[in-house]
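Engineer: Pasting target_24.txt below, which is compact mmCIF, C-alpha atoms.
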```txt
# COMPACT_ATOMS: atom_id res chain seq x y z
CA MET A 1 -25.98 2.06 19.61
CA VAL A 2 -23.70 5.01 19.98
CA VAL A 3 -24.64 8.53 19.02
CA VAL A 4 -21.50 10.39 18.10
CA LEU A 5 -21.51 14.06 18.95
CA HIS A 6 -19.57 15.67 16.16
CA ILE A 7 -17.09 18.40 16.82
CA LYS A 8 -18.93 21.07 14.87
CA GLU A 9 -22.06 20.47 16.89
CA MET A 10 -19.96 20.42 20.03
CA ILE A 11 -18.85 23.98 19.30
CA LEU A 12 -22.50 24.99 18.87
CA LEU A 13 -23.26 23.19 22.13
CA LEU A 14 -20.46 25.13 23.82
CA ALA A 15 -21.97 28.37 22.52
CA VAL A 16 -25.36 27.33 23.90
CA LEU A 17 -23.82 26.39 27.25
CA ALA A 18 -21.82 29.62 27.43
CA GLY A 19 -24.91 31.64 26.55
CA PHE A 20 -26.91 29.88 29.23
CA LEU A 21 -24.22 30.49 31.87
CA VAL A 22 -23.91 34.17 30.93
CA GLY A 23 -27.69 34.49 30.98
CA LEU A 24 -27.85 32.91 34.43
CA SER A 25 -25.07 35.19 35.68
CA LEU A 26 -26.81 38.30 34.35
CA ALA A 27 -30.07 37.24 35.92
CA TYR A 28 -28.28 36.68 39.24
CA TRP A 29 -26.56 40.06 38.93
CA HIS A 30 -29.89 41.79 38.39
CA LYS A 31 -31.52 39.70 41.13
CA GLN A 32 -34.07 38.28 38.72
CA PRO A 33 -35.04 34.73 37.86
CA TYR A 34 -33.53 33.48 34.63
CA LEU A 35 -36.18 33.44 31.93
CA ALA A 36 -35.49 30.96 29.16
CA PRO A 37 -36.40 32.19 25.68
CA ASP A 38 -40.02 31.57 24.85
CA LEU A 39 -39.47 29.44 21.74
CA GLN A 40 -42.38 28.70 19.46
CA ALA A 41 -42.82 25.41 17.59
CA ILE A 42 -39.95 23.58 19.27
CA TRP A 43 -41.28 20.40 17.68
CA LEU A 44 -40.16 21.81 14.35
CA ALA A 45 -36.57 22.02 15.57
CA VAL A 46 -36.77 18.40 16.69
CA VAL A 47 -38.16 17.31 13.32
CA ALA A 48 -35.48 19.36 11.57
CA PHE A 49 -32.77 17.56 13.50
CA LEU A 50 -34.03 14.08 12.62
CA PRO A 51 -32.62 13.93 9.05
CA GLN A 52 -29.21 14.95 10.34
CA LEU A 53 -29.46 12.41 13.13
CA PHE A 54 -30.11 9.57 10.70
CA ILE A 55 -27.79 10.74 7.95
CA ALA A 56 -24.78 11.95 9.86
CA TYR A 57 -24.83 10.84 13.46
CA LEU A 58 -26.28 7.35 13.85
CA PRO A 59 -23.71 4.89 12.52
CA VAL A 60 -26.40 2.26 12.03
CA THR A 61 -28.54 4.39 9.73
CA HIS A 62 -25.68 6.36 8.21
CA GLN A 63 -24.92 3.63 5.70
CA LEU A 64 -28.52 3.19 4.59
CA PHE A 65 -28.70 6.38 2.56
CA ASN A 66 -26.88 7.16 -0.64
CA ASN A 67 -25.18 10.48 -1.20
CA GLY A 68 -28.04 12.00 -3.18
CA PHE A 69 -30.63 11.27 -0.53
CA ALA A 70 -28.26 12.35 2.22
CA SER A 71 -27.65 15.68 0.51
CA LEU A 72 -31.37 16.34 0.04
CA SER A 73 -32.04 15.44 3.66
CA ILE A 74 -29.44 17.89 4.92
CA LEU A 75 -31.01 20.63 2.78
CA ALA A 76 -34.48 19.74 4.06
CA SER A 77 -33.14 19.90 7.59
CA LEU A 78 -31.70 23.37 7.00
CA ILE A 79 -35.00 24.58 5.54
CA LEU A 80 -36.94 23.30 8.55
CA PHE A 81 -34.45 24.89 10.95
CA SER A 82 -34.80 28.16 9.05
CA ILE A 83 -38.60 28.03 9.35
CA PHE A 84 -38.27 27.35 13.07
CA ALA A 85 -35.87 30.27 13.42
CA TRP A 86 -38.17 32.54 11.38
CA LEU A 87 -41.12 31.71 13.61
CA ASN A 88 -38.97 32.86 16.53
CA ARG A 89 -37.35 35.79 14.75
CA ASP A 90 -38.39 38.31 17.41
CA LEU A 91 -36.23 36.65 20.04
CA PRO A 92 -32.78 38.10 20.70
CA GLY A 93 -30.05 36.48 18.64
CA MET A 94 -32.46 34.86 16.22
CA PRO A 95 -31.84 37.30 13.35
CA ILE A 96 -28.11 36.50 13.52
CA LEU A 97 -28.86 32.79 13.66
CA ILE A 98 -31.20 33.08 10.66
CA VAL A 99 -28.52 34.85 8.61
CA GLY A 100 -26.08 32.07 9.52
CA LEU A 101 -28.55 29.39 8.42
CA LEU A 102 -29.22 31.21 5.14
CA LEU A 103 -25.50 31.60 4.39
CA ASN A 104 -24.92 27.88 4.96
CA PHE A 105 -27.97 27.07 2.85
CA ALA A 106 -26.75 29.30 0.02
CA VAL A 107 -23.27 27.80 -0.16
CA ILE A 108 -24.58 24.22 0.12
CA VAL A 109 -27.14 24.75 -2.66
CA ALA A 110 -24.55 26.50 -4.83
CA ASN A 111 -22.22 23.52 -4.53
CA GLY A 112 -24.55 20.67 -5.33
CA GLY A 113 -25.96 19.97 -1.89
CA TRP A 114 -22.76 19.70 0.15
CA MET A 115 -20.67 22.10 2.16
CA PRO A 116 -17.46 22.58 0.18
CA ILE A 117 -14.03 22.25 1.73
CA THR A 118 -10.70 22.75 -0.02
CA PRO A 119 -7.87 20.20 0.03
CA GLN A 120 -5.80 22.76 1.93
CA THR A 121 -8.31 22.90 4.77
CA ALA A 122 -9.06 19.18 4.65
CA ASN A 123 -5.36 18.50 4.85
CA LEU A 124 -5.21 20.23 8.21
CA LEU A 125 -8.02 18.02 9.49
CA ALA A 126 -7.27 14.59 8.08
CA GLY A 127 -3.56 14.89 7.33
CA LYS A 128 -1.80 15.00 4.00
CA ASP A 129 -1.30 11.24 3.88
CA VAL A 130 -5.02 10.50 4.09
CA LEU A 131 -5.72 13.19 1.53
CA GLN A 132 -3.52 11.37 -0.97
CA PHE A 133 -6.29 8.80 -1.19
CA MET A 134 -9.17 11.24 -1.55
CA ASN A 135 -10.59 12.23 -4.92
CA LEU A 136 -11.79 15.71 -5.69
CA GLY A 137 -15.56 15.77 -5.55
CA SER A 138 -15.78 13.00 -2.95
CA ARG A 139 -17.52 13.39 0.36
CA PHE A 140 -15.36 14.53 3.21
CA ALA A 141 -16.60 13.99 6.75
CA GLU A 142 -20.37 13.99 7.22
CA LYS A 143 -21.55 16.98 5.25
CA ASP A 144 -18.63 18.24 3.20
CA ILE A 145 -17.37 17.76 -0.31
CA LEU A 146 -13.75 18.10 -1.35
CA LEU A 147 -13.32 20.77 -4.03
CA LEU A 148 -10.53 22.99 -5.26
CA ALA A 149 -11.05 26.61 -4.21
CA LYS A 150 -11.33 27.72 -7.83
CA ASN A 151 -14.24 25.32 -8.34
CA ILE A 152 -16.18 26.38 -5.25
CA HIS A 153 -19.12 28.72 -5.63
CA LEU A 154 -19.33 31.30 -2.83
CA GLU A 155 -15.97 30.12 -1.54
CA PHE A 156 -15.97 32.70 1.25
CA LEU A 157 -18.95 30.88 2.78
CA ALA A 158 -17.34 27.43 2.69
CA ASP A 159 -15.85 25.49 5.59
CA ARG A 160 -12.63 27.48 5.68
CA PHE A 161 -12.06 28.61 9.24
CA LEU A 162 -10.07 26.64 11.76
CA PRO A 163 -9.82 27.05 15.52
CA PRO A 164 -6.53 28.20 17.06
CA THR A 165 -3.79 25.59 17.23
CA TRP A 166 -4.14 25.25 21.00
CA PHE A 167 -7.77 24.14 20.60
CA PRO A 168 -7.92 20.41 21.39
CA TYR A 169 -10.10 19.47 18.42
CA LYS A 170 -9.58 19.91 14.72
CA VAL A 171 -12.63 21.23 12.95
CA ALA A 172 -13.37 23.42 9.96
CA PHE A 173 -16.32 25.75 10.07
CA SER A 174 -18.01 28.35 7.91
CA LEU A 175 -19.03 31.95 8.35
CA GLY A 176 -22.60 30.65 8.65
CA ASP A 177 -21.55 28.36 11.51
CA ILE A 178 -19.98 31.32 13.32
CA LEU A 179 -23.17 33.37 13.02
CA ILE A 180 -25.33 30.43 14.11
CA SER A 181 -23.19 30.00 17.23
CA ILE A 182 -23.26 33.74 18.01
CA GLY A 183 -27.03 33.76 17.54
CA ALA A 184 -27.50 30.76 19.84
CA PHE A 185 -25.23 32.34 22.44
CA TRP A 186 -27.09 35.64 22.31
CA LEU A 187 -30.47 33.93 22.45
CA LEU A 188 -29.64 32.42 25.82
CA ALA A 189 -27.35 35.09 27.21
CA LYS A 190 -29.64 38.06 26.85
CA PRO A 191 -32.13 38.30 29.71
CA THR A 192 -35.66 38.29 28.38
CA ALA A 193 -36.87 40.65 31.07
CA LYS A 194 -35.09 43.98 31.43
CA PRO A 195 -34.18 45.15 34.93
CA ASN A 196 -35.71 48.59 34.44
CA SER A 197 -39.05 47.27 33.25
CA MET A 198 -39.20 44.83 36.19
CA ASN A 199 -38.51 47.63 38.66
CA ALA A 200 -41.10 49.83 36.97
CA GLU A 201 -43.68 47.08 37.27
CA GLU A 202 -42.83 46.57 40.92
CA GLY A 203 -43.14 50.31 41.48
CA ALA A 204 -46.52 50.37 39.80
CA VAL A 205 -47.80 47.59 42.05
CA LEU A 206 -46.55 49.35 45.14
CA MET B 1 2.80 24.64 8.78
CA ILE B 2 1.09 23.46 5.63
CA THR B 3 1.45 25.57 2.57
CA SER B 4 -0.69 25.59 -0.49
CA THR B 5 2.25 24.70 -2.73
CA MET B 6 1.92 21.02 -1.96
CA PHE B 7 -1.40 20.92 -3.77
CA LYS B 8 -0.27 22.63 -6.91
CA GLU B 9 1.16 19.47 -8.40
CA ASN B 10 -1.38 18.16 -10.91
CA LEU B 11 -3.96 20.39 -9.24
CA GLY B 12 -4.98 17.14 -7.63
CA TYR B 13 -2.82 17.30 -4.48
CA LYS B 14 -1.87 13.67 -4.99
CA SER B 15 1.47 12.14 -5.71
CA ASP B 16 1.55 10.21 -8.97
CA LEU B 17 2.93 7.25 -7.08
CA VAL B 18 -0.15 6.77 -4.92
CA GLN B 19 -2.51 7.70 -7.72
CA GLN B 20 -1.14 5.07 -10.05
CA THR B 21 -0.25 2.33 -7.62
CA TYR B 22 -3.18 2.24 -5.23
CA ASN B 23 -6.01 4.03 -6.97
CA GLY B 24 -8.50 1.38 -5.82
CA LEU B 25 -8.00 2.37 -2.21
CA ASN B 26 -9.65 5.75 -2.79
CA SER B 27 -13.10 4.33 -2.14
CA VAL B 28 -11.94 2.69 1.10
CA PHE B 29 -10.48 5.94 2.41
CA ALA B 30 -13.47 7.93 1.21
CA ALA B 31 -15.74 5.67 3.27
CA ALA B 32 -13.41 5.77 6.27
CA VAL B 33 -13.27 9.56 6.29
CA VAL B 34 -17.06 9.84 6.13
CA ASN B 35 -18.12 7.07 8.49
CA GLN B 36 -16.61 6.65 11.93
CA ASP B 37 -18.09 3.19 12.34
CA PHE B 38 -16.47 1.95 9.15
CA ARG B 39 -13.21 3.67 10.06
CA GLU B 40 -12.99 1.89 13.38
CA THR B 41 -13.81 -1.45 11.78
CA LEU B 42 -11.17 -0.86 9.13
CA LEU B 43 -8.54 -0.26 11.79
CA ARG B 44 -9.61 -3.03 14.16
CA ASN B 45 -10.70 -5.67 11.68
CA PRO B 46 -9.80 -4.70 8.12
CA GLU B 47 -10.98 -7.98 6.67
CA ALA B 48 -14.48 -7.43 8.02
CA ALA B 49 -14.47 -3.83 6.83
CA LEU B 50 -13.53 -4.80 3.29
CA ASP B 51 -16.11 -7.59 3.30
CA GLN B 52 -18.95 -5.37 4.49
CA GLY B 53 -18.25 -2.65 1.91
CA TYR B 54 -19.93 0.71 2.17
CA LEU B 55 -23.40 1.94 1.24
CA GLY B 56 -24.29 -1.56 0.15
CA LYS B 57 -21.42 -1.80 -2.33
CA GLY B 58 -18.21 -3.75 -2.15
CA PHE B 59 -14.82 -2.26 -2.88
CA SER B 60 -13.08 -2.86 -6.19
CA LEU B 61 -9.64 -3.63 -4.90
CA SER B 62 -6.82 -5.47 -6.59
CA GLN B 63 -5.30 -8.47 -4.86
CA ASN B 64 -2.30 -6.33 -4.07
CA GLU B 65 -4.40 -3.60 -2.45
CA THR B 66 -6.40 -6.08 -0.40
CA SER B 67 -3.25 -7.81 0.82
CA LEU B 68 -1.71 -4.49 1.71
CA ILE B 69 -4.69 -3.35 3.78
CA LEU B 70 -4.84 -6.68 5.60
CA SER B 71 -1.14 -6.70 6.36
CA ILE B 72 -0.96 -3.28 7.96
CA ASN B 73 -1.60 -2.75 11.64
CA ALA B 74 -2.46 0.92 11.97
CA ASN B 75 -3.75 2.85 14.96
CA SER B 76 -5.38 5.65 12.98
CA LEU B 77 -6.47 6.43 9.46
CA ALA B 78 -3.53 8.78 9.06
CA ASP B 79 -1.21 6.01 10.23
CA LEU B 80 -2.76 3.60 7.72
CA ALA B 81 -2.31 6.10 4.89
CA ARG B 82 1.27 6.80 5.96
CA GLN B 83 2.18 3.11 5.98
CA ILE B 84 0.62 2.52 2.56
CA ILE B 85 2.56 5.45 1.12
CA LEU B 86 5.74 4.06 2.66
CA VAL B 87 5.12 0.72 0.99
CA ALA B 88 4.27 2.42 -2.30
CA GLY B 89 7.53 4.32 -2.17
CA LYS B 90 9.65 1.17 -1.84
```
Please express what this file holds, its structure, as structure tokens.

Structural biologist:
Amino acid sequence: MVVVLHIKEMILLLAVLAGFLVGLSLAYWHKQPYLAPDLQAIWLAVVAFLPQLFIAYLPVTHQLFNNGFASLSILASLILFSIFAWLNRDLPGMPILIVGLLLNFAVIVANGGWMPITPQTANLLAGKDVLQFMNLGSRFAEKDILLLAKNIHLEFLADRFLPPTWFPYKVAFSLGDILISIGAFWLLAKPTAKPNSMNAEEGAVL
Amino acid sequence: MITSTMFKENLGYKSDLVQQTYNGLNSVFAAAVVNQDFRETLLRNPEAALDQGYLGKGFSLSQNETSLILSINANSLADLARQIILVAGK
């Protein structure tokens, strides 16, 4: 059984990794131990990921669910992630991440439960020849639906951004995805303990 | 560089040739774009891929479309689409 790590999630993973490395570097610079964010209800994040795991990532289970159920599961997953993020809203980066989740949720709900993508953007990912065989309104990749821009609600929130041409992977992402990645980066990059407060505490003890 | 003009024809971004000649292949490509497992099977063993169907349903392909899929040896989905379009254009 192979779990495929999809490119979009890989970008989020890169943001997490970059945030962690920056956080470690800052902690080293300030001569402090790195303090990981004190996340509440992590189990909720795990539960939230399960629908996406079964619907989008596990090839074995992917084919068991029809489009309607898959769409509802992705929405349920987003809601659970949003609750998890809200419970941790006081942590640095979380407000940005929450906004990103809400933007993705809004555009997915507004377009029938799927993240819309235009033929123009899809063409850059799959190639124009493949697109000749795709119908408008059909699923595209794991979570997207192919729609003309004029038929997309909240088009500015759709999967419409592409990485630079030198980037080794082709992927389309939304404004919500960008904010989620920034939030995840900031969550891990920002030291939880401030240097001044640590020094003040040390001074008080002495 | 891709321009938006190529999609203005019929507002459906498709050439009439492909739309009329191999319309039944839409479902095969739709499944292949969504599911990596199916895509790989389609490229490695197209007969098995067509037999297994997708989401519990078989594909409604004409004899011509089935023969075409089985006769092409493609190394990617884009390559498969390209070869089908080449055949359709002949």

Engineer: So what do you get for CA of Val47 (chain A) versus CA of Leu72 (chain A), distance-wise?

Structural biologist: 14.9 Å

Engineer: Distance cut-off 6 Å, counting all atoms listed in the file - which residues of chain B neighbour chain A? Return them as a PDB file with C-alpha atoms, in the coordinates of the input.

Structural biologist:
```pdb
ATOM      1  CA  LYS B  14      -1.870  13.670  -4.990  1.00  0.00           C
ATOM      2  CA  ASN B  26      -9.650   5.750  -2.790  1.00  0.00           C
ATOM      3  CA  VAL B  33     -13.270   9.560   6.290  1.00  0.00           C
ATOM      4  CA  VAL B  34     -17.060   9.840   6.130  1.00  0.00           C
ATOM      5  CA  ASP B  37     -18.090   3.190  12.340  1.00  0.00           C
ATOM      6  CA  LEU B  55     -23.400   1.940   1.240  1.00  0.00           C
ATOM      7  CA  ALA B  78      -3.530   8.780   9.060  1.00  0.00           C
ATOM      8  CA  ALA B  81      -2.310   6.100   4.890  1.00  0.00           C
ATOM      9  CA  ARG B  82       1.270   6.800   5.960  1.00  0.00           C
TER      10      ARG B  82
END
```

Engineer: Given the point (0.6, -2.6, 6.2) in the coordinates of this file, which residues lie within 12 Å, counting all atoms listed in the file, and how would they look as a ChimeraX atom specification?

Structural biologist: /B:43,46,64-75,77,79-88

Engineer: Got a sec: who's within 10 Å of Leu103 (chain A), counting only C-alpha atoms, leaving out chain neighbours fewer than 5 positions off, as an mmCIF file with C-alpha atoms, keeping the file's coordinate frame?

Structural biologist:
```cif
data_model
loop_
_atom_site.group_PDB
_atom_site.id
_atom_site.type_symbol
_atom_site.label_atom_id
_atom_site.label_comp_id
_atom_site.auth_asym_id
_atom_site.auth_seq_id
_atom_site.Cartn_x
_atom_site.Cartn_y
_atom_site.Cartn_z
ATOM 1 C CA LEU A 97 -28.860 32.790 13.660
ATOM 2 C CA ILE A 98 -31.200 33.080 10.660
ATOM 3 C CA ILE A 108 -24.580 24.220 0.120
ATOM 4 C CA VAL A 109 -27.140 24.750 -2.660
ATOM 5 C CA LEU A 154 -19.330 31.300 -2.830
ATOM 6 C CA LEU A 157 -18.950 30.880 2.780
ATOM 7 C CA ALA A 158 -17.340 27.430 2.690
ATOM 8 C CA SER A 174 -18.010 28.350 7.910
ATOM 9 C CA LEU A 175 -19.030 31.950 8.350
ATOM 10 C CA GLY A 176 -22.600 30.650 8.650
ATOM 11 C CA ASP A 177 -21.550 28.360 11.510
ATOM 12 C CA LEU A 179 -23.170 33.370 13.020
ATOM 13 C CA ILE A 180 -25.330 30.430 14.110
#
```

Engineer: Name all residues at most 12 Å from Leu80 (chain A) (count all atoms listed in the file; drop same-chain ones fewer than 6 positions away) and give them as a PDB file with C-alpha atoms, in the frame of the given file.

Structural biologist:
```pdb
ATOM      1  CA  ALA A  41     -42.820  25.410  17.590  1.00  0.00           C
ATOM      2  CA  ILE A  42     -39.950  23.580  19.270  1.00  0.00           C
ATOM      3  CA  TRP A  43     -41.280  20.400  17.680  1.00  0.00           C
ATOM      4  CA  LEU A  44     -40.160  21.810  14.350  1.00  0.00           C
ATOM      5  CA  ALA A  45     -36.570  22.020  15.570  1.00  0.00           C
ATOM      6  CA  VAL A  46     -36.770  18.400  16.690  1.00  0.00           C
ATOM      7  CA  VAL A  47     -38.160  17.310  13.320  1.00  0.00           C
ATOM      8  CA  ALA A  48     -35.480  19.360  11.570  1.00  0.00           C
ATOM      9  CA  PHE A  49     -32.770  17.560  13.500  1.00  0.00           C
ATOM     10  CA  LEU A  50     -34.030  14.080  12.620  1.00  0.00           C
ATOM     11  CA  PRO A  51     -32.620  13.930   9.050  1.00  0.00           C
ATOM     12  CA  GLN A  52     -29.210  14.950  10.340  1.00  0.00           C
ATOM     13  CA  SER A  73     -32.040  15.440   3.660  1.00  0.00           C
ATOM     14  CA  ILE A  74     -29.440  17.890   4.920  1.00  0.00           C
ATOM     15  CA  TRP A  86     -38.170  32.540  11.380  1.00  0.00           C
ATOM     16  CA  LEU A  87     -41.120  31.710  13.610  1.00  0.00           C
ATOM     17  CA  ILE A  98     -31.200  33.080  10.660  1.00  0.00           C
ATOM     18  CA  LEU A 101     -28.550  29.390   8.420  1.00  0.00           C
ATOM     19  CA  LEU A 102     -29.220  31.210   5.140  1.00  0.00           C
ATOM     20  CA  PHE A 105     -27.970  27.070   2.850  1.00  0.00           C
TER      21      PHE A 105
END
```

Engineer: Could you tell me how far CA of Phe173 (chain A) lies from CA of Phe161 (chain A), in Å and to one decimal?

Structural biologist: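 About the pair CA of Phe173 (chain A) and CA of Phe161 (chain A): they are 5.2 Å apart.
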
Engineer: Give me the residues near Pro163 (chain A) as a ChimeraX atom specification, where near means some atom within 8 Å (using all atoms listed in the file) and where sequence neighbours in that chain fewer than 6 positions away do not count.

Structural biologist: /A:170-172

Engineer: At what distance in Å, to one decimal, does CA of Ile145 (chain A) lie from CA of Phe81 (chain A)?

Structural biologist: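 Atom-to-atom, CA of Phe81 (chain A) to CA of Ile145 (chain A), that is 21.7 Å.
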
Engineer: Residues near Thr41 (chain B), anyone? I mean within 12 Å using only C-alpha atoms, not counting same-chain ones fewer than 2 positions away, as a PyMOL selection string.

Structural biologist: (chain A and resi 59) or (chain B and resi 28+31-32+35-39+43-54+74-77)

Engineer: Considering only C-alpha atoms, return as a PyMOL selection string whatever protein or nucleic-acid residues lie within 12 Å of Arg89 (chain A), sequence-local ones (same chain, fewer than 6 positions apart) excluded.

Structural biologist: chain A and resi 37-40+81-83+95-99+183+187

Engineer: Check the smallest atom-to-atom distance from each of A:Leu162, A:Val16, A:Met10, A:Ala189 to Leu125 (chain A) using all atoms listed in the file, then report the winner.

Structural biologist: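 The shortest atom-to-atom distance to Leu125 (chain A) comes from A:Leu162.
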